[in-house]
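The structure under discussion appears below in the form of structure tokens.
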2 protein chains.
Amino acid sequence: MIAVLGALSVEPMTGYAVRENIRDVLGHFWSESVGQIYPTLADLERQGLVRRQHGARPGSSMFAITPEGHEHLKELLGEPIQQAPPRNGLLLRLFFGSTLGPDACRALLEQARADARQRLAGFQALRAAITAEDNPDQLPYSLITISAGEHSARGVIAWADESLAALDAAAPEAPAALDATAPPE
Amino acid sequence: MIAVLGALSVEPMTGYAVRENIRDVLGHFWSESVGQIYPTLADLERQGLVRRQHGARPGSSMFAITPEGHEHLKELLGEPIQQAPPRNGLLLRLFFGSTLGPDACRALLEQARADARQRLAGFQALRAAITAEDNPDQLPYSLITISAGEHSARGVIAWADESLAALDAAAPEAPAALDATAPPE
DNA sequence: ATCGACATGTAAGTCGTTACATGATTAG
DNA sequence: CTAATCATGTAACGACTTACATGTCGAT
């Protein structure tokens with residue numbers, strides 16, 4: 001709802017383009033499925049918050065936000081954030097690490113770290129792209145969201161490093177053990 | 001499912017206790033609602049993964065995990081993690097910061113930082129508690145999940161600090177401006 | 001005797017995803 | 001000509017939450 005109206009607040013576009021914009025621009029912190037977008041658009045039209053005009057091709061529509069829609073967007077943005085109940089499948093598995101086994105835990109942490117590194121690289125590319133493309137009004141806010149992603153990714157990397165070290169200390173599972181330090185006993 | 005079976009893998013307990021354990025022990029990264037727990041328990045019983053015995057009072061049941069249940073838990077823990085589509089209401093609002101207004105953005109960031117500080121304090125208390133209570137097998141894995149929370153909270157604090165500074169630089173909204181540095185012009 | 005914690009369940013409803021159905025247009 | 005992309009929608013299903021309904025037990 002906010003995302004759809006927000007996309008249209010930038011410029012008029014088709015529902016398909018709304019979907020692409022949400023995926024490509026907001027994708028790292030928000031998502032809407034197809035099944036959400038068209039009904040939402042129909043709702044917004046019914047409420048007079050967007051106007052539907054003929055698209056470039058037969059059967060397609062250009063949606064444009066109305067002044068009331070812009071008003072409504074402001075209200076929506078001011079509404080309290082309701083956060084989803086936490087549900088972190090990685091931490092759930094790691095919590096039961098003694099059942100899962102230390103090796104599988106190490107693998108999970110390494111995977112999480114690799115994913116975070118990739119995301120971090122993506123954010124750095126994205127930062128460069130939007131610094132070139134965004135208008136000066138939007139740029140600081142885009143940068144804030146990218147910065148959030150970067151901080152989060154760096155946090156995951158540091159956490160995974162630390163946790164892998166902790167696992168090595170707790171369960172010496174011979175992680176490349178061919179060095180000069182004498183094994184215990 | 002994993003959470004319920006995992007709770008019962010520690011010791012037999014009532015459904016009510018399962019709920020409390022999930023809330024109190026896994027609460028910072030996982031949650032199950034009442035409406036999930038009892039049907040899940042009934043499912044697990046039907047599949048022979050838990051056994052129901054008479055509870056201490058009439059009408060109450062003690063649930064205990066069976067060997068097959070323990071096997072199944074291992075399998076579940078090994079299954080790929082499916083992560084929920086991202087949906088961060090805070091970042092969504094901040095992204096549309098030029099519509100929302102700089103002051104409201106500042107307020108959101110300050111709130112997020114305050115929340116993160118509180119979570120961080122909670123984690124530090126929790127760390128002390130479980131270090132005293134947990135058995136040595138479980139402790140490292142509990143610490144890993146707490147550490148994840150701490151890293152995340154510290155990340156949010158650093159990000160909020162940075163972003164507040166960025167907003168001050170981009171939109172000099174007179175944030176406590178009574179100091180010796182001359183205002184521009 | 002009454003209040004809060006313990007205890008188990010169900011029903012209704014919300015939210016959201018996935019898959020399907022359909023068709024136009026454009027690039028190779 | 002044909003594959004990919006553009007474009008719009010719906011239907012079925014699944015996941016989950018909230019509220020309700022019911023009853024026991026222990027402490028004050």
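In the structure tokens, the first chain shown is A, the next is B, and so on; residue numbers restart at 1 for each chain, and ligands run from 1 in the order shown.
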Chain B contacts on chain C, only C-alpha atoms (C1' of nucleotides), 8 Å, as an mmCIF file with C-alpha atoms (C1' of nucleotides), in the first residue's frame:
```cif
data_model
loop_
_atom_site.group_PDB
_atom_site.id
_atom_site.type_symbol
_atom_site.label_atom_id
_atom_site.label_comp_id
_atom_site.auth_asym_id
_atom_site.auth_seq_id
_atom_site.Cartn_x
_atom_site.Cartn_y
_atom_site.Cartn_z
ATOM 1 C "C1'" DC C 6 -1.992 -22.495 34.654
ATOM 2 C "C1'" DA C 7 -3.944 -25.084 30.863
ATOM 3 C "C1'" DT C 8 -6.191 -26.480 26.325
ATOM 4 C "C1'" DG C 9 -8.286 -25.826 22.551
#
```
Picked from segment 105-181 of chain B by DSSP as helix (DSSP H, G or I), as a PyMOL selection string: chain B and resi 105-133+139-170
Residue list for chain D near chain B as a ChimeraX atom specification, 10 Å, only C-alpha atoms (C1' of nucleotides): /D:15-18,23-25
Same residues, N, CA, C and O atoms (P, O5', C5', C4', C3', O3' and C1' of nucleotides), saved as an mmCIF file, in the first residue's frame:
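Contents of selection_15.cif, freshly written:
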```
data_model
loop_
_atom_site.group_PDB
_atom_site.id
_atom_site.type_symbol
_atom_site.label_atom_id
_atom_site.label_comp_id
_atom_site.auth_asym_id
_atom_site.auth_seq_id
_atom_site.Cartn_x
_atom_site.Cartn_y
_atom_site.Cartn_z
ATOM 1 P P DA D 15 1.633 -23.796 4.964
ATOM 2 O "O5'" DA D 15 1.812 -22.415 5.734
ATOM 3 C "C5'" DA D 15 2.339 -21.278 5.053
ATOM 4 C "C4'" DA D 15 2.152 -20.090 5.952
ATOM 5 C "C3'" DA D 15 2.350 -20.448 7.428
ATOM 6 O "O3'" DA D 15 3.156 -19.436 7.998
ATOM 7 C "C1'" DA D 15 0.246 -19.426 7.125
ATOM 8 P P DC D 16 3.844 -19.722 9.396
ATOM 9 O "O5'" DC D 16 3.038 -18.685 10.284
ATOM 10 C "C5'" DC D 16 2.615 -17.450 9.670
ATOM 11 C "C4'" DC D 16 1.534 -16.796 10.472
ATOM 12 C "C3'" DC D 16 1.552 -17.075 11.971
ATOM 13 O "O3'" DC D 16 1.900 -15.857 12.612
ATOM 14 C "C1'" DC D 16 -0.654 -17.127 11.075
ATOM 15 P P DT D 17 1.876 -15.714 14.208
ATOM 16 O "O5'" DT D 17 0.656 -14.710 14.430
ATOM 17 C "C5'" DT D 17 0.212 -13.873 13.371
ATOM 18 C "C4'" DT D 17 -1.006 -13.086 13.835
ATOM 19 C "C3'" DT D 17 -1.093 -12.922 15.351
ATOM 20 O "O3'" DT D 17 -1.528 -11.592 15.632
ATOM 21 C "C1'" DT D 17 -3.004 -14.106 14.542
ATOM 22 P P DT D 18 -1.634 -11.107 17.178
ATOM 23 O "O5'" DT D 18 -3.194 -10.965 17.445
ATOM 24 C "C5'" DT D 18 -4.075 -10.666 16.378
ATOM 25 C "C4'" DT D 18 -5.509 -10.862 16.845
ATOM 26 C "C3'" DT D 18 -5.714 -10.710 18.347
ATOM 27 O "O3'" DT D 18 -6.609 -9.631 18.563
ATOM 28 C "C1'" DT D 18 -6.629 -12.797 17.546
ATOM 29 P P DG D 23 -17.052 -25.496 31.291
ATOM 30 O "O5'" DG D 23 -15.773 -25.653 32.254
ATOM 31 C "C5'" DG D 23 -14.892 -26.744 32.007
ATOM 32 C "C4'" DG D 23 -13.607 -26.493 32.739
ATOM 33 C "C3'" DG D 23 -13.752 -26.233 34.249
ATOM 34 O "O3'" DG D 23 -13.322 -27.391 34.951
ATOM 35 C "C1'" DG D 23 -12.048 -24.933 33.220
ATOM 36 P P DT D 24 -13.254 -27.410 36.552
ATOM 37 O "O5'" DT D 24 -11.680 -27.267 36.760
ATOM 38 C "C5'" DT D 24 -10.805 -28.225 36.161
ATOM 39 C "C4'" DT D 24 -9.392 -27.935 36.653
ATOM 40 C "C3'" DT D 24 -9.255 -27.960 38.177
ATOM 41 O "O3'" DT D 24 -8.077 -28.696 38.497
ATOM 42 C "C1'" DT D 24 -8.481 -25.890 37.327
ATOM 43 P P DC D 25 -7.828 -29.221 39.973
ATOM 44 O "O5'" DC D 25 -6.818 -28.116 40.535
ATOM 45 C "C5'" DC D 25 -5.604 -27.861 39.842
ATOM 46 C "C4'" DC D 25 -4.929 -26.635 40.428
ATOM 47 C "C3'" DC D 25 -4.896 -26.588 41.960
ATOM 48 O "O3'" DC D 25 -3.527 -26.595 42.348
ATOM 49 C "C1'" DC D 25 -5.561 -24.487 41.018
#
```
Residue list for chain A near chain B as a VMD selection string, 8 Å, only C-alpha atoms: chain A and resid 3 6 26 to 31 74 77 to 78 81 to 83 85 to 100 104 137 to 138 140 to 142 144 to 145 147 to 148 151 to 152 155 to 156 158 to 159 163 166 to 167 170
In chain B, DSSP strand (DSSP E or B) residues written as a PyMOL selection string: chain B and resi 13+50-54+61-65
Separation of atom CA of Val4 of chain A from atom CA of Ile22 of chain A in Å: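 Going from atom CA of Ile22 of chain A over to atom CA of Val4 of chain A covers 7.6 Å.
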